[in-house]
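Just query_5.txt here, compact mmCIF, C-alpha atoms:
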```
# COMPACT_ATOMS: atom_id res chain seq x y z
CA MET A 156 -47.97 7.66 -54.98
CA ASN A 157 -44.76 9.56 -54.04
CA ASP A 158 -44.53 11.73 -50.94
CA ARG A 159 -43.67 15.41 -51.13
CA SER A 160 -39.94 14.84 -50.63
CA ASP A 161 -39.57 13.04 -53.93
CA ALA A 162 -42.62 14.30 -55.77
CA ALA A 163 -40.61 15.19 -58.88
CA GLU A 164 -38.86 11.81 -59.08
CA PRO A 165 -40.54 9.58 -61.67
CA ARG A 166 -41.36 5.93 -61.45
CA SER A 167 -41.50 4.04 -64.72
CA GLY A 168 -43.88 1.39 -65.96
CA ALA A 169 -44.89 -0.55 -69.04
CA LEU A 170 -48.49 -1.11 -70.08
CA PRO A 171 -49.22 -3.83 -72.66
CA VAL A 172 -51.94 -2.72 -75.09
CA PRO A 173 -53.23 -4.40 -78.25
CA GLY A 174 -50.37 -4.24 -80.76
CA ALA A 175 -47.84 -2.42 -78.59
CA THR A 176 -46.36 -1.81 -75.15
CA LEU A 177 -46.53 1.71 -73.72
CA GLY A 178 -43.64 2.98 -71.64
CA TYR A 179 -44.76 5.63 -69.16
CA GLN A 180 -43.55 7.71 -66.21
CA VAL A 181 -45.48 8.90 -63.16
CA ARG A 182 -44.48 11.46 -60.55
CA GLY A 183 -46.12 13.73 -57.97
CA THR A 184 -49.36 13.58 -56.02
CA GLY A 185 -52.87 14.87 -56.53
CA PRO A 186 -55.37 14.51 -59.37
CA LEU A 187 -54.03 12.81 -62.48
CA LEU A 188 -52.69 14.95 -65.33
CA LEU A 189 -51.80 12.93 -68.44
CA LEU A 190 -49.25 14.58 -70.75
CA ILE A 191 -49.26 13.38 -74.38
CA PRO A 192 -46.22 14.28 -76.51
CA GLY A 193 -46.36 14.99 -80.19
CA GLY A 194 -44.24 14.29 -83.24
CA ALA A 195 -41.37 11.87 -82.73
CA GLY A 196 -41.02 12.75 -79.04
CA ASN A 197 -41.43 10.50 -76.03
CA ALA A 198 -42.03 11.35 -72.37
CA ASP A 199 -38.82 13.43 -72.38
CA VAL A 200 -40.77 16.12 -74.27
CA PHE A 201 -41.96 17.08 -70.78
CA HIS A 202 -38.54 16.90 -69.10
CA GLY A 203 -38.91 20.39 -67.65
CA VAL A 204 -42.70 20.59 -67.43
CA ALA A 205 -43.59 17.41 -65.54
CA PRO A 206 -41.41 18.01 -62.44
CA ALA A 207 -42.82 21.51 -61.98
CA LEU A 208 -46.41 20.29 -62.27
CA ALA A 209 -45.78 17.38 -59.90
CA ALA A 210 -46.22 19.77 -56.99
CA HIS A 211 -49.91 20.01 -57.91
CA PHE A 212 -50.78 16.80 -59.79
CA THR A 213 -49.94 13.18 -60.23
CA VAL A 214 -48.26 13.71 -63.60
CA ALA A 215 -48.10 10.85 -66.09
CA SER A 216 -46.28 11.06 -69.40
CA TYR A 217 -45.55 8.40 -71.98
CA ALA A 218 -44.29 7.57 -75.43
CA PRO A 219 -47.10 6.99 -77.94
CA ARG A 220 -47.05 3.59 -79.61
CA GLY A 221 -44.26 3.28 -82.18
CA ILE A 222 -42.19 6.06 -80.61
CA SER A 223 -38.93 5.27 -78.80
CA GLY A 224 -39.88 3.61 -75.51
CA SER A 225 -43.21 2.17 -76.71
CA PRO A 226 -42.46 -0.55 -79.28
CA LEU A 227 -45.02 -1.84 -81.76
CA ASP A 228 -45.63 -5.56 -82.12
CA ALA A 229 -45.65 -5.08 -85.91
CA PRO A 230 -43.57 -2.02 -86.93
CA GLY A 231 -44.52 -0.23 -90.12
CA GLU A 232 -48.26 -0.01 -89.58
CA GLU A 233 -50.07 3.25 -90.33
CA GLN A 234 -51.28 4.73 -87.08
CA ARG A 235 -54.86 5.69 -86.26
CA VAL A 236 -56.01 8.49 -83.99
CA ALA A 237 -58.73 6.36 -82.41
CA VAL A 238 -56.18 3.70 -81.44
CA HIS A 239 -53.90 6.29 -79.83
CA ALA A 240 -56.89 7.73 -77.95
CA ALA A 241 -57.73 4.24 -76.73
CA ASP A 242 -54.14 3.89 -75.49
CA ALA A 243 -54.46 7.15 -73.55
CA GLY A 244 -57.76 5.92 -72.12
CA ARG A 245 -56.11 2.72 -70.92
CA LEU A 246 -53.48 4.76 -69.09
CA LEU A 247 -56.23 6.78 -67.43
CA ASP A 248 -57.98 3.57 -66.40
CA LEU A 249 -54.73 2.22 -64.98
CA LEU A 250 -53.65 5.31 -63.08
CA SER A 251 -56.98 6.87 -62.11
CA PRO A 252 -59.73 4.28 -62.53
CA ASP A 253 -62.32 6.04 -60.39
CA GLU A 254 -61.90 9.74 -61.23
CA PRO A 255 -61.93 11.79 -64.46
CA CYS A 256 -58.53 13.25 -65.30
CA TYR A 257 -56.81 16.27 -66.76
CA VAL A 258 -55.21 15.75 -70.16
CA PHE A 259 -52.67 17.86 -72.02
CA GLY A 260 -51.44 17.04 -75.52
CA THR A 261 -49.22 18.94 -77.90
CA SER A 262 -49.15 18.77 -81.72
CA SER A 263 -50.17 15.24 -82.77
CA GLY A 264 -50.56 14.51 -79.06
CA GLY A 265 -53.07 17.35 -79.00
CA ILE A 266 -55.05 15.50 -81.67
CA THR A 267 -55.05 12.44 -79.41
CA ALA A 268 -56.27 14.58 -76.49
CA VAL A 269 -59.11 16.00 -78.60
CA GLU A 270 -60.14 12.52 -79.71
CA LEU A 271 -60.02 11.19 -76.16
CA LEU A 272 -62.37 13.97 -75.03
CA THR A 273 -64.64 13.32 -78.01
CA LEU A 274 -64.89 9.57 -77.50
CA HIS A 275 -64.70 9.36 -73.70
CA PRO A 276 -65.91 12.67 -72.22
CA ASP A 277 -66.72 10.94 -68.95
CA ARG A 278 -63.01 10.19 -68.41
CA VAL A 279 -61.75 13.73 -69.07
CA ARG A 280 -62.16 16.51 -66.54
CA LEU A 281 -60.44 19.03 -68.81
CA ALA A 282 -58.40 18.65 -72.00
CA VAL A 283 -55.81 21.19 -73.15
CA ALA A 284 -54.76 20.66 -76.77
CA HIS A 285 -51.72 22.69 -77.81
CA GLU A 286 -51.66 23.43 -81.56
CA PRO A 287 -53.31 20.21 -82.78
CA PRO A 288 -52.90 20.33 -86.60
CA LEU A 289 -56.38 19.10 -87.54
CA ALA A 290 -56.43 20.24 -91.15
CA ARG A 291 -59.94 18.99 -91.91
CA VAL A 292 -61.41 21.49 -89.44
CA SER A 293 -60.15 24.36 -91.58
CA ALA A 294 -62.68 26.25 -93.70
CA VAL A 295 -60.40 25.55 -96.68
CA PRO A 296 -58.71 22.24 -95.81
CA GLY A 297 -57.36 21.23 -99.22
CA PRO A 298 -53.99 23.05 -99.23
CA ALA A 299 -53.04 21.90 -95.72
CA LEU A 300 -54.14 18.32 -96.39
CA ASP A 301 -52.06 18.22 -99.57
CA ALA A 302 -49.06 19.78 -97.85
CA PHE A 303 -49.05 17.29 -94.97
CA ALA A 304 -49.43 14.39 -97.39
CA GLN A 305 -46.45 15.65 -99.38
CA ILE A 306 -44.28 15.74 -96.26
CA SER A 307 -44.94 12.04 -95.68
CA GLU A 308 -44.29 11.24 -99.33
CA VAL A 309 -40.99 13.12 -99.34
CA ALA A 310 -39.86 11.41 -96.12
CA ALA A 311 -40.70 7.96 -97.50
CA ARG A 312 -38.97 8.68 -100.81
CA GLU A 313 -35.98 10.80 -99.80
CA GLY A 314 -35.51 10.35 -96.05
CA VAL A 315 -36.08 12.12 -92.75
CA GLY A 316 -33.97 15.21 -93.49
CA PRO A 317 -35.82 16.21 -96.66
CA GLY A 318 -39.10 15.36 -94.92
CA TYR A 319 -38.40 17.80 -92.12
CA ALA A 320 -37.23 20.41 -94.62
CA ARG A 321 -40.58 20.11 -96.40
CA MET A 322 -42.34 20.35 -93.04
CA GLY A 323 -40.54 23.58 -92.21
CA ALA A 324 -41.65 25.07 -95.51
CA THR A 325 -45.22 23.90 -94.87
CA LEU A 326 -45.45 25.37 -91.37
CA GLY A 327 -44.28 28.74 -92.64
CA GLU A 328 -42.60 31.70 -90.97
CA ALA A 329 -43.80 33.02 -87.64
CA GLU A 330 -44.68 36.65 -87.18
CA PRO A 331 -41.99 38.68 -85.37
CA LEU A 332 -42.56 39.08 -81.66
CA ASP A 333 -42.87 42.49 -80.10
CA PRO A 334 -39.71 43.18 -78.06
CA ALA A 335 -41.86 43.30 -74.92
CA GLU A 336 -42.84 39.68 -75.59
CA ASP A 337 -39.28 38.40 -75.89
CA GLU A 338 -39.05 35.15 -73.93
CA GLY A 339 -35.29 34.77 -74.03
CA ALA A 340 -33.22 32.06 -75.64
CA PRO A 341 -34.85 28.63 -75.85
CA GLU A 342 -33.41 25.82 -73.76
CA PRO A 343 -31.47 23.17 -75.70
CA MET A 344 -33.18 19.89 -76.43
CA PRO A 345 -32.15 17.27 -73.83
CA ALA A 346 -29.87 14.54 -75.16
CA GLY A 347 -32.37 11.80 -74.32
CA LEU A 348 -35.14 13.52 -76.22
CA ARG A 349 -32.87 14.20 -79.18
CA ALA A 350 -31.97 10.51 -79.34
CA ALA A 351 -35.64 9.51 -79.18
CA VAL A 352 -36.56 11.94 -81.96
CA GLU A 353 -33.74 10.66 -84.16
CA ALA A 354 -34.84 7.06 -83.58
CA SER A 355 -38.54 7.72 -84.21
CA SER A 356 -38.66 10.42 -86.90
CA GLY A 357 -39.05 7.96 -89.76
CA HIS A 358 -42.02 6.32 -88.05
CA PHE A 359 -43.64 9.66 -87.29
CA LEU A 360 -43.20 11.20 -90.74
CA GLU A 361 -44.25 8.10 -92.67
CA HIS A 362 -46.91 6.53 -90.45
CA VAL A 363 -48.30 9.18 -88.07
CA LEU A 364 -48.23 12.62 -89.68
CA LYS A 365 -50.65 12.06 -92.54
CA PRO A 366 -53.35 9.99 -90.78
CA PHE A 367 -53.33 12.38 -87.81
CA THR A 368 -53.45 15.65 -89.75
CA HIS A 369 -56.10 14.16 -92.07
CA HIS A 370 -58.25 12.96 -89.18
CA GLY A 371 -61.76 14.37 -89.03
CA PRO A 372 -63.06 14.64 -85.46
CA ASP A 373 -66.74 14.31 -84.68
CA LEU A 374 -67.53 18.02 -84.43
CA ALA A 375 -71.01 17.55 -83.01
CA ARG A 376 -69.69 15.48 -80.10
CA LEU A 377 -66.76 17.84 -79.64
CA ARG A 378 -69.07 20.88 -79.47
CA ALA A 379 -71.07 19.09 -76.80
CA ALA A 380 -67.88 18.75 -74.71
CA ALA A 381 -66.34 22.12 -75.64
CA ASP A 382 -66.73 23.47 -72.11
CA ARG A 383 -64.02 20.97 -71.14
CA LEU A 384 -61.64 21.84 -73.97
CA VAL A 385 -58.98 24.55 -74.04
CA VAL A 386 -57.04 25.00 -77.28
CA GLY A 387 -53.51 26.31 -76.81
CA VAL A 388 -51.51 28.37 -79.30
CA GLY A 389 -47.89 29.52 -79.14
CA ARG A 390 -47.01 33.16 -78.63
CA ALA A 391 -44.05 32.69 -80.97
CA SER A 392 -45.90 30.70 -83.65
CA ARG A 393 -48.41 33.32 -84.75
CA GLY A 394 -48.75 33.11 -88.51
CA GLN A 395 -47.65 29.49 -88.72
CA LEU A 396 -49.98 26.75 -89.90
CA PRO A 397 -50.41 24.90 -86.55
CA HIS A 398 -51.36 28.17 -84.82
CA THR A 399 -53.88 28.95 -87.56
CA LEU A 400 -55.42 25.47 -87.50
CA ALA A 401 -55.66 25.49 -83.70
CA THR A 402 -57.41 28.85 -83.72
CA GLU A 403 -59.87 27.58 -86.31
CA LEU A 404 -60.57 24.50 -84.20
CA ALA A 405 -61.40 26.61 -81.14
CA GLU A 406 -63.68 28.88 -83.16
CA THR A 407 -65.40 25.96 -84.89
CA VAL A 408 -66.34 24.05 -81.75
CA GLY A 409 -66.72 26.97 -79.34
CA ALA A 410 -63.75 26.11 -77.13
CA ARG A 411 -61.60 28.56 -75.22
CA CYS A 412 -58.28 29.53 -76.81
CA ARG A 413 -55.25 30.38 -74.66
CA GLU A 414 -51.76 31.58 -75.56
CA PHE A 415 -48.70 29.72 -74.25
CA PRO A 416 -45.02 30.67 -74.11
CA GLY A 417 -42.84 29.81 -77.08
CA GLY A 418 -43.87 28.37 -80.37
CA HIS A 419 -44.97 24.94 -81.52
CA LEU A 420 -42.26 23.37 -79.31
CA GLY A 421 -42.84 25.72 -76.40
CA CYS A 422 -42.97 22.99 -73.75
CA VAL A 423 -39.45 21.90 -74.73
CA GLU A 424 -37.91 25.32 -75.38
CA HIS A 425 -39.42 27.24 -72.43
CA PRO A 426 -40.46 24.51 -69.98
CA ALA A 427 -40.63 26.53 -66.75
CA ALA A 428 -42.79 29.29 -68.24
CA PHE A 429 -44.85 26.71 -70.11
CA ALA A 430 -45.53 24.74 -66.90
CA ARG A 431 -46.69 27.91 -65.14
CA ALA A 432 -48.99 28.78 -68.04
CA LEU A 433 -50.45 25.26 -68.15
CA HIS A 434 -51.10 25.22 -64.41
CA ARG A 435 -52.73 28.65 -64.67
CA THR A 436 -54.89 27.48 -67.58
CA LEU A 437 -56.05 24.41 -65.68
CA ARG A 438 -56.75 26.46 -62.56
CA GLU A 439 -58.74 29.12 -64.45
CA ALA A 440 -60.80 26.59 -66.38
CA ASP A 441 -61.34 24.33 -63.37
CA PRO A 442 -60.43 25.86 -59.98
CA ALA A 443 -59.90 22.47 -58.32
CA PRO A 444 -56.26 21.86 -59.42
CA GLY A 445 -53.81 22.80 -56.71
CA THR A 446 -56.48 24.30 -54.45
CA GLY A 447 -55.16 24.59 -50.93
CA ARG A 448 -51.71 23.36 -51.87
```

Would you put the structure from the file into structure tokens?
Amino acid sequence: MNDRSDAAEPRSGALPVPGATLGYQVRGTGPLLLLIPGGAGNADVFHGVAPALAAHFTVASYAPRGISGSPLDAPGEEQRVAVHAADAGRLLDLLSPDEPCYVFGTSSGGITAVELLTLHPDRVRLAVAHEPPLARVSAVPGPALDAFAQISEVAAREGVGPGYARMGATLGEAEPLDPAEDEGAPEPMPAGLRAAVEASSGHFLEHVLKPFTHHGPDLARLRAAADRLVVGVGRASRGQLPHTLATELAETVGARCREFPGGHLGCVEHPAAFARALHRTLREADPAPGTGR
């Protein structure tokens, strides 16, 4: 794709898919690494991660359908995990039709990454899912399922602000970090990402959050592919619900669990350290990435 001199410079594209058009960015050279954002974020979630990884991979990032940059043909539809996984698979087929790929997803994007591995293990070389809030995998799923449903109901009834306030209460307080683990002040959210989140928060809270958190993955198929799954958790989100659910997922299916810088939004708040940790995780789990580079 790009040569080394402009490896971090993205090229943009649009992929028509059934019911939507996916806006995506590609940069770098090497094996394909697909980055899947979560929540109301688009490709700008990886504003500081993608350029750093482009020295080792062809890095593709995109806005999931319905999020700013990837319009739906019929706005207002409840989203389905399997459809989002199919979208990710179409991007893999477009950008790396002949080779299995690396996939990273965070939050709801982590749920998409898990589903992609479950449904199409032949297309995924390694999946890293960072704090995917799969409540049904919990040993006691009821409270989390109810809490996520209430967030969507509050957002639909009262608006985005109250919805996010309810989400904050649901996620809970993180455990204090040891001073030796202090990662410094988080970077501010880029203006482009902030605008995308503001534009897409209603869609996410009302049409994505509940069906994704309530999704039940095929655990038997996931266990069969667990050697190609790494579950990520945030160093600064210990004690919060997404960290707990991610840990339970790893234990349930027998996947490796790795700690990443920052909290649930670590890739936005500490992008340089997060990119280094992700590259290290990919290299340790599969030594091929970046070999000889």

Worksheet item: Out of A:Gly347, A:Pro334, A:Pro255, A:Gly297, which residue has the shortest atom-to-atom distance to Leu281 in chain A when counting all atoms listed in the file?
Response: A:Pro255

Worksheet item: Within 7 Å of (-52.6, 22.6, -77.6), all atoms listed in the file: residues as a ChimeraX atom specification?
Response: /A:260-262,265,283-287,386-388

Practice prompt. Take CA of Pro192 in chain A and CA of Gly264 in chain A and report the distance between them in Å, one decimal.
Written response: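 According to the coordinates, CA of Pro192 in chain A and CA of Gly264 in chain A are separated by 5.0 Å.
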
Per-residue nearest contacts range 315-343 of chain A to range 419-443 of chain A, cut-off 7 Å, using all atoms listed in the file, as CSV:
```
residue,atom,partner,partner_atom,distance
A:Pro341,CA,A:Glu424,CA,4.5
A:Glu342,CA,A:Glu424,CA,4.8
A:Pro343,CA,A:Glu424,CA,6.8
```

Could you dump the residues just selected with C-alpha atoms as an mmCIF file, in the frame of the given file?
```
data_model
loop_
_atom_site.group_PDB
_atom_site.id
_atom_site.type_symbol
_atom_site.label_atom_id
_atom_site.label_comp_id
_atom_site.auth_asym_id
_atom_site.auth_seq_id
_atom_site.Cartn_x
_atom_site.Cartn_y
_atom_site.Cartn_z
ATOM 1 C CA PRO A 341 -34.850 28.630 -75.850
ATOM 2 C CA GLU A 342 -33.410 25.820 -73.760
ATOM 3 C CA PRO A 343 -31.470 23.170 -75.700
#
```

Worksheet item: Using only C-alpha atoms, which of the listed residues (A:Ile266, A:Leu384, A:Ala320, A:Ala237) sits closest to Arg291 in chain A?
Response: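 Checking each of A:Ile266, A:Leu384, A:Ala320, A:Ala237 against Arg291 in chain A, counting only C-alpha atoms, the winner is A:Ile266.
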
Worksheet item: So, counting only C-alpha atoms, which residue among A:Gly178, A:Gly194, A:Pro298, A:Pro186 is closest to Ala243 in chain A?
Response: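 That would be A:Gly178, the residue with the smallest distance to Ala243 in chain A.
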
Worksheet item: Of the candidates A:Ala241, A:Thr213, A:Ala268, A:Ala335, which one gets nearest to Glu164 in chain A if we count all atoms listed in the file?
Response: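 So, comparing all the options, the nearest one is A:Thr213.
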
If I wrap all listed atoms of range 366-379 of chain A in a box with edges along x, y and z and add 4 Å on each side, what are its centre and edge lengths in Å to one decimal, as lines of an AutoDock Vina configuration file?
```
center_x = -62.2
center_y = 15.4
center_z = -84.4
size_x = 25.7
size_y = 18.9
size_z = 23.3
```

Fill in: Who sits within 8 Å of Val363 in chain A, only C-alpha atoms, same chain under 6 positions skipped, as a PyMOL selection string
chain A and resi 233-235

Worksheet item: Could you pull the residues within 9 Å of Leu374 in chain A, counting all atoms listed in the file, minus those fewer than 4 positions along the same chain, as a list in words?
Response: Thr273, Val292, Arg378, Ala379, Thr407 and Val408 of chain A

Selection from above, C-alpha atoms, as a compact mmCIF listing (two decimals), in the coordinates of the input, can you write it?
```txt
# COMPACT_ATOMS: atom_id res chain seq x y z
CA THR A 273 -64.64 13.32 -78.01
CA VAL A 292 -61.41 21.49 -89.44
CA ARG A 378 -69.07 20.88 -79.47
CA ALA A 379 -71.07 19.09 -76.80
CA THR A 407 -65.40 25.96 -84.89
CA VAL A 408 -66.34 24.05 -81.75
```
